[in-house]
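Chemist: Encoded as structure tokens, here's the structure I'll be asking about.
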Amino acid sequence: MKRLTAFIFLCLLAFQAQAFDRTLRLDYIFSGDCSSAAIALDGMSVTEGWFGRSVNMDRIPVRGNGVLRMKDAASGQVLYATSFSTLFQEWQETPEAREVRKSFENTYLVPMPADSALVEITLFDMRGDTTCFFTHPVKPDDILIRKATASEVETRWLLKSGEPERCIDIVILAEGYTAAEMDTFYADAAIAVESLLSHEPFGSMKERFNILAVAAPSQESGVSVPREGIWKQTAVNSHFDTFYSNRYLTTSDIFHMHDLLSGLPYEHLIILANTDTYGGGGIYNSYTLTTAHHKQFRPVVVHEFGHSFGALADEYDYAGDEDPYYFPDVEPWERNITTQYDFQSKWKDMIEHGVKGVGLVEGAGYQHKGVWRACEDCRMRTNKAGAFCPVCQRAIRDIILFYTEESR
């Protein structure tokens with residue numbers, strides 16, 4: 001009994017001691033191939049202010065393809081947890097990963113602990129099995145934790161609902177806009193905000209968000225298109241043809257991207273590319289990247305933010321299913337698709353309560369068979385859909401509440 005009482009006291013003491021008023025940036029290199037993964041700490045830096053959530057600090061809303069937990073070293077109490085997906089893990093599923101090992105940059109922002117802590121990172125494969133586990137200490141008095149310089153990039157508020165510590169803070173970052181094109185960037189960023197707020201539940205819950213435009217200038221206008229031999233010097237060096245897919249637009253320049261945002265209030269990131277070529281990408285708790293001058297800009301930026309913020313899966317499918325992402329004996333962690341292995345955890349209750357339009361429609365998660373979505377159409381399926389389906393709306397609403405309301 002005395003040991004239990006002492007442990008509880010240590011846990012309470014750990015929470016009382018942690019005054020989260022600084023942000024610790026953790027930079028990692030993830031590397032491997034199709035059958036192996038390794039993680040290495042590249043560096044740590046600190047900035048003033050903590051702009052992440054102040055509720056539900058020790059839990060995650062969905063599993064993702066990876067989880068980071070920071071624990072108090074003395075008590076083992078979880079001080080902060082976040083889930084994520086990575087471009088590296090997507091790459092591991094490609095044919096290239098069977099032939100070569102590669103490395104990818106990844107950055108995570110956590111509250112700076114007041115006392116010594118341990119950080120644990122776990123990566124999962126598509127079956128939910130652990131592929132890599134990595135841990136390292138964080139000592140607040142470590143002289144090699146760099147004090148980062150605050151960004152001097154020009155910014156402009158597009159939506160300011162309250163103080164950063166009580167709102168969900170989103171940055172919209174310029175990519176491929178020269179200094180002379182920033183008026184165009186701000187206009188494009190305003191369209192992105194308007195598009196998001198025209199979709200539920202973002203519109204009715206907009207008072208929970210702050211959105212800041214960051215006008216990082218590029219040396220050249222536009223973005224790189226490798227298949228055409230075009231390589232440009234841009235703010236975050238994004239390019240099409242990721243994994244040799246024409247329309248997959250991403251950046252691997254993660255460390256530099258976060259350098260541009262140093263000291264700014266942000267949790268989630270939308271990158272606008274100054275091009276009319278169709279494409280984009282969205283990675284859960286990493287970033288949304290989309291082209292700003294294609295005619296489908298409005299629906300695409302919302303769709304990709306459904307990935308990066310809402311943790312939603314693609315609901316479209318391809319015939320063939322030669323390389324399935326999802327398996328009949330594993331329930332996907334994304335809340336808008338199901339293999340029916342554990343359908344009770346998904347939207348079965350919405351069907352039972354007769355929510356209009358909600359059912360089981362086969363074909364989702366890139367698979368024509370064996371994976372189901374809730375509705376015939378949805379923003380996560382096509383650009384023609386007018387809205388997120390009720391299941392996706394509920395999933396996004398739950399994420400928003402998780403970030404802004406204590407759920408204990």
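Residues are referred to by chain and number: the chain letter is A, B, ... according to the order shown in the structure tokens, the number counts from 1 in that chain, and ligands are numbered separately from 1 in the order shown.
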Taking 2 positions as the minimum chain separation for residues in the same chain, which residues sit within 6 Å of stretch 34-44 of chain A when counting only C-alpha atoms? Answer as a PDB file with N, CA, C and O atoms, in the first residue's frame.

Modeler:
```
ATOM      1  N   ARG A  25      11.256  20.766 -30.123  1.00  0.00           N
ATOM      2  CA  ARG A  25      11.209  20.191 -31.471  1.00  0.00           C
ATOM      3  C   ARG A  25      12.154  19.000 -31.529  1.00  0.00           C
ATOM      4  O   ARG A  25      13.336  19.109 -31.190  1.00  0.00           O
ATOM      5  N   LEU A  26      11.618  17.869 -31.957  1.00  0.00           N
ATOM      6  CA  LEU A  26      12.382  16.633 -32.053  1.00  0.00           C
ATOM      7  C   LEU A  26      12.527  16.256 -33.524  1.00  0.00           C
ATOM      8  O   LEU A  26      11.534  16.031 -34.219  1.00  0.00           O
ATOM      9  N   ASP A  27      13.747  16.200 -34.010  1.00  0.00           N
ATOM     10  CA  ASP A  27      14.036  15.842 -35.399  1.00  0.00           C
ATOM     11  C   ASP A  27      14.595  14.424 -35.460  1.00  0.00           C
ATOM     12  O   ASP A  27      15.555  14.093 -34.741  1.00  0.00           O
ATOM     13  N   TYR A  28      14.006  13.604 -36.329  1.00  0.00           N
ATOM     14  CA  TYR A  28      14.417  12.210 -36.457  1.00  0.00           C
ATOM     15  C   TYR A  28      14.683  11.862 -37.918  1.00  0.00           C
ATOM     16  O   TYR A  28      14.113  12.461 -38.843  1.00  0.00           O
ATOM     17  N   ILE A  29      15.501  10.850 -38.098  1.00  0.00           N
ATOM     18  CA  ILE A  29      15.672  10.194 -39.396  1.00  0.00           C
ATOM     19  C   ILE A  29      15.058   8.805 -39.299  1.00  0.00           C
ATOM     20  O   ILE A  29      15.454   7.998 -38.451  1.00  0.00           O
ATOM     21  N   PHE A  30      14.045   8.553 -40.131  1.00  0.00           N
ATOM     22  CA  PHE A  30      13.484   7.208 -40.265  1.00  0.00           C
ATOM     23  C   PHE A  30      14.103   6.592 -41.520  1.00  0.00           C
ATOM     24  O   PHE A  30      14.098   7.219 -42.582  1.00  0.00           O
ATOM     25  N   SER A  31      14.588   5.367 -41.416  1.00  0.00           N
ATOM     26  CA  SER A  31      15.224   4.743 -42.569  1.00  0.00           C
ATOM     27  C   SER A  31      14.891   3.255 -42.619  1.00  0.00           C
ATOM     28  O   SER A  31      14.450   2.662 -41.632  1.00  0.00           O
ATOM     29  N   GLY A  32      15.117   2.668 -43.793  1.00  0.00           N
ATOM     30  CA  GLY A  32      14.882   1.241 -43.931  1.00  0.00           C
ATOM     31  C   GLY A  32      14.537   0.860 -45.348  1.00  0.00           C
ATOM     32  O   GLY A  32      14.823   1.587 -46.311  1.00  0.00           O
ATOM     33  N   GLN A  92       7.588   2.431 -47.830  1.00  0.00           N
ATOM     34  CA  GLN A  92       7.909   1.032 -47.565  1.00  0.00           C
ATOM     35  C   GLN A  92       7.007   0.065 -48.318  1.00  0.00           C
ATOM     36  O   GLN A  92       7.381  -1.102 -48.506  1.00  0.00           O
ATOM     37  N   ALA A  97      11.042   0.136 -52.546  1.00  0.00           N
ATOM     38  CA  ALA A  97      11.526  -0.250 -51.226  1.00  0.00           C
ATOM     39  C   ALA A  97      12.021  -1.695 -51.184  1.00  0.00           C
ATOM     40  O   ALA A  97      12.661  -2.101 -50.213  1.00  0.00           O
ATOM     41  N   ARG A  98      11.725  -2.466 -52.226  1.00  0.00           N
ATOM     42  CA  ARG A  98      12.230  -3.833 -52.304  1.00  0.00           C
ATOM     43  C   ARG A  98      13.651  -3.877 -52.862  1.00  0.00           C
ATOM     44  O   ARG A  98      14.308  -4.919 -52.848  1.00  0.00           O
ATOM     45  N   CYS A 132       9.029  -1.057 -35.478  1.00  0.00           N
ATOM     46  CA  CYS A 132      10.200  -0.392 -34.917  1.00  0.00           C
ATOM     47  C   CYS A 132       9.819   0.273 -33.597  1.00  0.00           C
ATOM     48  O   CYS A 132       8.728   0.862 -33.493  1.00  0.00           O
ATOM     49  N   ILE A 145      20.643  20.957 -26.526  1.00  0.00           N
ATOM     50  CA  ILE A 145      19.320  21.318 -27.048  1.00  0.00           C
ATOM     51  C   ILE A 145      19.413  22.764 -27.538  1.00  0.00           C
ATOM     52  O   ILE A 145      19.596  23.698 -26.749  1.00  0.00           O
TER      53      ILE A 145
END
```

Chemist: Restrict the calculation to only C-alpha atoms, then for each residue of stretch 143-237 of chain A with any atom at most 9 Å from an atom of stretch 256-280 of chain A give the closest atom pair and their distance in Å to one decimal, rows by chain and rising residue number, as JSON lines.

Modeler:
```
{"residue": "A:Ala148", "atom": "CA", "partner": "A:Ser262", "partner_atom": "CA", "distance": 7.0}
{"residue": "A:Thr149", "atom": "CA", "partner": "A:Ser262", "partner_atom": "CA", "distance": 6.8}
{"residue": "A:Ala150", "atom": "CA", "partner": "A:Gly263", "partner_atom": "CA", "distance": 4.8}
{"residue": "A:Ser151", "atom": "CA", "partner": "A:Ser262", "partner_atom": "CA", "distance": 5.1}
{"residue": "A:Glu152", "atom": "CA", "partner": "A:Leu260", "partner_atom": "CA", "distance": 8.1}
{"residue": "A:Val153", "atom": "CA", "partner": "A:Leu260", "partner_atom": "CA", "distance": 7.1}
{"residue": "A:Pro164", "atom": "CA", "partner": "A:Pro265", "partner_atom": "CA", "distance": 6.4}
{"residue": "A:Glu165", "atom": "CA", "partner": "A:Pro265", "partner_atom": "CA", "distance": 8.8}
{"residue": "A:Ile168", "atom": "CA", "partner": "A:Glu267", "partner_atom": "CA", "distance": 7.0}
{"residue": "A:Asp169", "atom": "CA", "partner": "A:Tyr266", "partner_atom": "CA", "distance": 4.7}
{"residue": "A:Ile170", "atom": "CA", "partner": "A:His268", "partner_atom": "CA", "distance": 4.8}
{"residue": "A:Val171", "atom": "CA", "partner": "A:Leu269", "partner_atom": "CA", "distance": 5.0}
{"residue": "A:Ile172", "atom": "CA", "partner": "A:Ile270", "partner_atom": "CA", "distance": 4.7}
{"residue": "A:Leu173", "atom": "CA", "partner": "A:Ile271", "partner_atom": "CA", "distance": 4.7}
{"residue": "A:Ala174", "atom": "CA", "partner": "A:Leu272", "partner_atom": "CA", "distance": 5.5}
{"residue": "A:Glu175", "atom": "CA", "partner": "A:Ala273", "partner_atom": "CA", "distance": 4.8}
{"residue": "A:Gly176", "atom": "CA", "partner": "A:Asn274", "partner_atom": "CA", "distance": 5.1}
{"residue": "A:Tyr177", "atom": "CA", "partner": "A:Asn274", "partner_atom": "CA", "distance": 5.9}
{"residue": "A:Thr184", "atom": "CA", "partner": "A:Asn274", "partner_atom": "CA", "distance": 9.0}
{"residue": "A:Phe185", "atom": "CA", "partner": "A:Asn274", "partner_atom": "CA", "distance": 7.9}
{"residue": "A:Asp188", "atom": "CA", "partner": "A:Leu272", "partner_atom": "CA", "distance": 7.9}
{"residue": "A:Ala189", "atom": "CA", "partner": "A:Leu272", "partner_atom": "CA", "distance": 7.5}
{"residue": "A:Ala192", "atom": "CA", "partner": "A:Leu272", "partner_atom": "CA", "distance": 8.7}
{"residue": "A:Asn210", "atom": "CA", "partner": "A:Tyr266", "partner_atom": "CA", "distance": 8.8}
{"residue": "A:Ile211", "atom": "CA", "partner": "A:Tyr266", "partner_atom": "CA", "distance": 8.5}
{"residue": "A:Leu212", "atom": "CA", "partner": "A:Tyr266", "partner_atom": "CA", "distance": 8.2}
{"residue": "A:Val214", "atom": "CA", "partner": "A:Leu261", "partner_atom": "CA", "distance": 8.0}
{"residue": "A:Ala216", "atom": "CA", "partner": "A:Leu260", "partner_atom": "CA", "distance": 7.3}
{"residue": "A:Ser221", "atom": "CA", "partner": "A:Asn274", "partner_atom": "CA", "distance": 7.0}
{"residue": "A:Gly222", "atom": "CA", "partner": "A:Asn274", "partner_atom": "CA", "distance": 5.1}
{"residue": "A:Val223", "atom": "CA", "partner": "A:Thr275", "partner_atom": "CA", "distance": 6.8}
{"residue": "A:Ala235", "atom": "CA", "partner": "A:Met257", "partner_atom": "CA", "distance": 7.7}
{"residue": "A:Val236", "atom": "CA", "partner": "A:Met257", "partner_atom": "CA", "distance": 5.7}
```

Chemist: Those same residues - C-alpha atoms - I'd like them written as a CSV table (one decimal), in the first residue's frame.

Modeler:
```csv
chain,number,residue,atom,x,y,z
A,148,ALA,CA,16.0,28.0,-32.1
A,149,THR,CA,15.8,31.4,-33.7
A,150,ALA,CA,12.3,32.7,-34.3
A,151,SER,CA,11.2,32.9,-37.9
A,152,GLU,CA,11.3,36.3,-39.6
A,153,VAL,CA,9.0,35.3,-42.4
A,164,PRO,CA,-3.2,29.9,-29.4
A,165,GLU,CA,-3.3,27.8,-26.3
A,168,ILE,CA,-6.3,24.6,-32.9
A,169,ASP,CA,-3.5,26.5,-34.7
A,170,ILE,CA,-3.1,26.0,-38.4
A,171,VAL,CA,-0.4,27.5,-40.6
A,172,ILE,CA,-0.9,27.9,-44.4
A,173,LEU,CA,2.6,28.1,-45.9
A,174,ALA,CA,3.6,29.5,-49.3
A,175,GLU,CA,5.5,27.1,-51.7
A,176,GLY,CA,6.7,28.2,-55.1
A,177,TYR,CA,5.7,31.9,-54.7
A,184,THR,CA,-1.4,36.0,-55.0
A,185,PHE,CA,-0.4,33.7,-52.1
A,188,ASP,CA,-5.0,31.7,-52.5
A,189,ALA,CA,-4.7,31.1,-48.8
A,192,ALA,CA,-8.3,27.6,-48.9
A,210,ASN,CA,-6.7,30.0,-35.6
A,211,ILE,CA,-5.3,30.1,-39.2
A,212,LEU,CA,-2.1,32.0,-40.0
A,214,VAL,CA,3.1,32.3,-43.7
A,216,ALA,CA,7.9,32.1,-47.2
A,221,SER,CA,8.1,30.5,-59.2
A,222,GLY,CA,6.3,27.1,-59.4
A,223,VAL,CA,7.4,23.7,-58.2
A,235,ALA,CA,10.7,27.3,-50.0
A,236,VAL,CA,10.3,23.6,-49.1
```

Chemist: Report as an mmCIF file with N, CA, C and O atoms, in the first residue's frame all protein, DNA and RNA residues lying within 10 Å of A:Gln340, evaluated on only C-alpha atoms, omitting residues in the same chain fewer than 4 positions from it.

Modeler:
```cif
data_model
loop_
_atom_site.group_PDB
_atom_site.id
_atom_site.type_symbol
_atom_site.label_atom_id
_atom_site.label_comp_id
_atom_site.auth_asym_id
_atom_site.auth_seq_id
_atom_site.Cartn_x
_atom_site.Cartn_y
_atom_site.Cartn_z
ATOM 1 N N PRO A 328 -8.621 -8.694 -44.205
ATOM 2 C CA PRO A 328 -9.936 -9.037 -43.649
ATOM 3 C C PRO A 328 -9.929 -9.313 -42.148
ATOM 4 O O PRO A 328 -10.969 -9.200 -41.505
ATOM 5 N N ASP A 329 -8.767 -9.649 -41.571
ATOM 6 C CA ASP A 329 -8.707 -9.955 -40.141
ATOM 7 C C ASP A 329 -8.127 -8.795 -39.323
ATOM 8 O O ASP A 329 -7.724 -8.971 -38.176
ATOM 9 N N VAL A 330 -8.094 -7.593 -39.932
ATOM 10 C CA VAL A 330 -7.601 -6.403 -39.233
ATOM 11 C C VAL A 330 -8.548 -5.244 -39.531
ATOM 12 O O VAL A 330 -8.857 -4.969 -40.697
ATOM 13 N N GLU A 331 -9.006 -4.561 -38.497
ATOM 14 C CA GLU A 331 -9.855 -3.381 -38.696
ATOM 15 C C GLU A 331 -8.963 -2.155 -38.898
ATOM 16 O O GLU A 331 -8.074 -1.891 -38.093
ATOM 17 N N PRO A 332 -9.147 -1.405 -39.991
ATOM 18 C CA PRO A 332 -8.336 -0.202 -40.210
ATOM 19 C C PRO A 332 -8.488 0.797 -39.068
ATOM 20 O O PRO A 332 -9.567 0.921 -38.474
ATOM 21 N N GLN A 344 -18.321 -2.836 -35.156
ATOM 22 C CA GLN A 344 -18.965 -2.219 -33.998
ATOM 23 C C GLN A 344 -18.240 -0.924 -33.604
ATOM 24 O O GLN A 344 -18.851 0.016 -33.103
ATOM 25 N N SER A 345 -16.932 -0.859 -33.866
ATOM 26 C CA SER A 345 -16.144 0.313 -33.496
ATOM 27 C C SER A 345 -16.249 1.432 -34.515
ATOM 28 O O SER A 345 -15.681 2.514 -34.293
ATOM 29 N N LYS A 346 -16.950 1.193 -35.611
ATOM 30 C CA LYS A 346 -17.041 2.192 -36.665
ATOM 31 C C LYS A 346 -18.423 2.844 -36.657
ATOM 32 O O LYS A 346 -18.826 3.416 -35.655
ATOM 33 N N LYS A 348 -21.516 1.394 -37.196
ATOM 34 C CA LYS A 348 -22.661 0.487 -37.067
ATOM 35 C C LYS A 348 -23.803 1.166 -36.318
ATOM 36 O O LYS A 348 -24.982 0.987 -36.648
ATOM 37 N N LEU A 360 -23.355 0.469 -45.890
ATOM 38 C CA LEU A 360 -22.099 -0.196 -46.216
ATOM 39 C C LEU A 360 -21.995 -0.295 -47.732
ATOM 40 O O LEU A 360 -22.816 -0.962 -48.369
ATOM 41 N N GLY A 370 -13.549 -6.055 -50.317
ATOM 42 C CA GLY A 370 -13.049 -6.326 -48.978
ATOM 43 C C GLY A 370 -12.897 -5.133 -48.060
ATOM 44 O O GLY A 370 -12.560 -5.295 -46.894
ATOM 45 N N VAL A 371 -13.139 -3.923 -48.582
ATOM 46 C CA VAL A 371 -13.112 -2.712 -47.759
ATOM 47 C C VAL A 371 -14.361 -1.910 -48.093
ATOM 48 O O VAL A 371 -14.714 -1.757 -49.280
ATOM 49 N N TRP A 372 -15.027 -1.390 -47.064
ATOM 50 C CA TRP A 372 -16.293 -0.700 -47.250
ATOM 51 C C TRP A 372 -16.211 0.744 -46.768
ATOM 52 O O TRP A 372 -15.483 1.061 -45.826
#
```

Chemist: DSSP on the backbone: what in stretch 151-305 of chain A comes out strand (DSSP E or B), as JSON, numbers by chain?

Modeler: {"A": [155, 156, 157, 158, 159, 160, 168, 169, 170, 171, 172, 173, 174, 175, 209, 210, 211, 212, 213, 214, 224, 225, 230, 239, 248, 250, 268, 269, 270, 271, 272, 273, 280, 281, 282, 283, 287, 288, 289, 290, 291]}

Chemist: Within 6 Å of A:Leu312, counting only C-alpha atoms, which residues show up once you throw out same-chain ones fewer than 5 positions away? Write them as a list of chain:residue names, please.

Modeler: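 Skipping anything fewer than 5 positions along the chain leaves A:Gly306, A:His307, A:Glu334.
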
Chemist: Residues as selected, N, CA, C and O atoms, written as a PDB file, in the first residue's frame, can you do that?

Modeler:
```
ATOM      1  N   GLY A 306      -8.545  16.508 -44.869  1.00  0.00           N
ATOM      2  CA  GLY A 306      -9.234  15.376 -44.253  1.00  0.00           C
ATOM      3  C   GLY A 306      -8.267  14.272 -43.874  1.00  0.00           C
ATOM      4  O   GLY A 306      -8.465  13.578 -42.867  1.00  0.00           O
ATOM      5  N   HIS A 307      -7.192  14.107 -44.669  1.00  0.00           N
ATOM      6  CA  HIS A 307      -6.145  13.155 -44.320  1.00  0.00           C
ATOM      7  C   HIS A 307      -5.288  13.671 -43.166  1.00  0.00           C
ATOM      8  O   HIS A 307      -5.130  13.011 -42.140  1.00  0.00           O
ATOM      9  N   GLU A 334      -8.297   4.009 -39.509  1.00  0.00           N
ATOM     10  CA  GLU A 334      -9.059   5.145 -40.026  1.00  0.00           C
ATOM     11  C   GLU A 334     -10.545   4.906 -39.795  1.00  0.00           C
ATOM     12  O   GLU A 334     -11.063   3.829 -40.058  1.00  0.00           O
TER      13      GLU A 334
END
```

Chemist: Give me every alpha helix (DSSP H) residue in stretch 33-184 of chain A, going by DSSP on the backbone, as a PyMOL selection string.

Modeler: chain A and resi 87-91+182-184

Chemist: With only C-alpha atoms as the counted atoms, please give the residues lying no more than 7 Å from A:Phe240, apart from itself and same-chain residues fewer than 5 positions off, as an mmCIF file with C-alpha atoms, in the first residue's frame.

Modeler:
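And here is the file that came out, around35.cif:
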```cif
data_model
loop_
_atom_site.group_PDB
_atom_site.id
_atom_site.type_symbol
_atom_site.label_atom_id
_atom_site.label_comp_id
_atom_site.auth_asym_id
_atom_site.auth_seq_id
_atom_site.Cartn_x
_atom_site.Cartn_y
_atom_site.Cartn_z
ATOM 1 C CA SER A 224 9.509 20.838 -59.412
ATOM 2 C CA VAL A 225 8.152 18.338 -61.951
ATOM 3 C CA PRO A 226 10.804 15.605 -62.265
ATOM 4 C CA ASN A 246 2.501 11.764 -61.485
ATOM 5 C CA ARG A 247 0.073 13.629 -59.264
ATOM 6 C CA TYR A 248 1.587 12.833 -55.859
ATOM 7 C CA LEU A 249 3.047 16.151 -54.691
ATOM 8 C CA THR A 250 5.075 16.046 -51.464
#
```

Chemist: Using only C-alpha atoms, which of the listed residues (A:Asp398, A:Lys139, A:Glu154, A:Thr404) sits closest to A:Met57?

Modeler: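 Checking each candidate against A:Met57, we get A:Thr404 as the closest.
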